[in-house]
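See structure below.
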Amino acid sequence: MTALFRLWQLIVLALSGSCCVLAAQVIEIDGRAWRATEIAREKFADATWRERWVVEGNAALEARNGRLHAVTGQPPASNQSATLWWREPLPANVLVEMTAGAAPVGGEANAANLNLFFHARELDGAPYHFGRSGDYPEYHRIPNYIITLTGGFQPGWSRVRRNPGFAMLAEEPSTRSEPGQTYRIRTLIAGGRIRYWLDNRLVHDTRDPEPLPGGHFALRTWRSQVWWSDIRISSLSPEPADASGKCAVASRRKKM
């Protein structure tokens with residue numbers, strides 16, 4: 001896996017007494033270098049998180065100790081789900097990293113459901129329009145990718161689907177989320193290839209033959225008590241080869 005995915009910290013050094021000072025992350029994907037530029041970070045430090053996110057659905061939400069805690073509606077409530085949209089659209093090639101988990105609560109109150117939406121748009125290609133009810137089938141009718149991670153009182157699974165149409169791109173039925181557990185989640189989408197890591201374990205590696213363009217990103221949960229923290233979003237762009245000869249590049253490898 002390290003041959004496919006390596007994170008390097010690049011330090012540009014000076015030659016002949018002159019220097020361009022530059023530091024950047026580079027990710028190697030299938031032998032090609034991509035520059036990863038962090039464009040957003042969410043720490044959920046206080047109530048101002050609502051300025052950066054739009055909530056659809058039914059959940060009690062509270063930012064506390066660097067985590068955003070969500071408790072969704074429970075039966076007999078008709079709406080038992082919530083979708084939290086990052087207000088700004090993301091590019092087609094993107095890396096999103098976060099820490100997330102489920103509260104140590106068992107029973108049918110907690111499916112430990114930690115889902116993600118990527119590249120959401122309206123059916124005509126327009127930017128995603130906020131204001132839906134949060135009902136899951138609503139999102140199946142518009143372009144997006146859904147990555148699910150669920151467990152708790154359910155059998156549990158992780159899946160990658162493409163909409164519209166709810167088409168399955170990948171499935172891992174042996175992977176499930178557990179109440180009381182904390183997970184480090186990384187999702188990388190580049191050139192139509194979608195990869196998803198859970199605690200440094202590659203769970204999904206799939207390709208979309210007709211990749212969606214960039215769009216909106218969201219956190220999604222259903223009948224759960226969960227939390228998210230330390231969300232980092234990086235855009236990816238192909239790294240040009242250095243042909244100037246004026247700067248040498250030294251690399252230090254870091255495993256993901």
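Here's how to read the names in the structure tokens: chain A, B, ... by the order shown, residue numbers from 1 in each chain, ligand numbers from 1 in the order shown.
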
Quick one: everything within 8 Å of Arg64 of chain A, counting only C-alpha atoms, minus sequence neighbours fewer than 4 positions away in the same chain. Send it as a PyMOL selection string.
-> chain A and resi 44-46+68-69

Where in segment 74-233 of chain A does DSSP assign strand (DSSP E), given as a VMD selection string?
-> chain A and resid 81 to 86 94 to 102 115 to 120 144 to 150 157 to 163 167 to 172 182 to 190 193 to 198 201 to 207 216 to 222 225 to 233

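Nearest to Leu198 of chain A of all the residues A:Arg121, A:Ala59, A:Leu149, A:Trp86 is A:Leu149, counting only C-alpha atoms.
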
Residues within 6 Å of segment 202-211 of chain A, only C-alpha atoms, excluding chain neighbours under 4 positions, as a PyMOL selection string = chain A and resi 192-197

Kindly save the residues from that selection, with N, CA and C atoms included, as a tab-separated table (two decimals), in the first residue's frame.
chain	number	residue	atom	x	y	z
A	192	GLY	N	-11.04	9.92	-10.34
A	192	GLY	CA	-12.08	8.91	-10.41
A	192	GLY	C	-11.86	7.73	-9.49
A	193	ARG	N	-10.76	7.71	-8.77
A	193	ARG	CA	-10.48	6.62	-7.84
A	193	ARG	C	-10.86	7.06	-6.43
A	194	ILE	N	-11.59	6.20	-5.71
A	194	ILE	CA	-12.09	6.51	-4.37
A	194	ILE	C	-11.47	5.52	-3.40
A	195	ARG	N	-10.77	6.06	-2.39
A	195	ARG	CA	-10.18	5.21	-1.37
A	195	ARG	C	-10.58	5.71	0.02
A	196	TYR	N	-10.78	4.75	0.91
A	196	TYR	CA	-11.31	5.05	2.24
A	196	TYR	C	-10.56	4.20	3.25
A	197	TRP	N	-9.95	4.88	4.23
A	197	TRP	CA	-9.19	4.22	5.29
A	197	TRP	C	-9.91	4.38	6.62

Contacts of Glu51 of chain A at 12 Å or less, counting only C-alpha atoms, minus same-chain residues fewer than 6 places along, as a CSV table (one decimal) with N, CA and C atoms, in the first residue's frame?
chain,number,residue,atom,x,y,z
A,42,GLU,N,-11.7,22.1,10.5
A,42,GLU,CA,-12.8,22.4,11.5
A,42,GLU,C,-12.5,21.7,12.8
A,44,PHE,N,-14.4,22.5,15.7
A,44,PHE,CA,-15.6,22.5,16.5
A,44,PHE,C,-15.3,23.1,17.9
A,84,LEU,N,-25.1,17.1,7.7
A,84,LEU,CA,-24.4,18.4,8.0
A,84,LEU,C,-23.6,18.7,6.8
A,85,TRP,N,-23.9,19.7,6.1
A,85,TRP,CA,-23.2,20.1,4.9
A,85,TRP,C,-22.2,21.2,5.2
A,86,TRP,N,-21.0,21.0,4.7
A,86,TRP,CA,-20.0,22.0,4.7
A,86,TRP,C,-20.4,23.1,3.6
A,87,ARG,N,-20.4,24.3,4.0
A,87,ARG,CA,-21.1,25.3,3.2
A,87,ARG,C,-20.4,25.5,1.8
A,88,GLU,N,-19.1,25.3,1.7
A,88,GLU,CA,-18.3,25.6,0.5
A,88,GLU,C,-18.2,24.3,-0.3

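Of the residues listed (A:Ala33, A:Ala60, A:Ala82, A:Val55), A:Ala82 shows the shortest atom-to-atom separation from Asp135 of chain A; distances use only C-alpha atoms.
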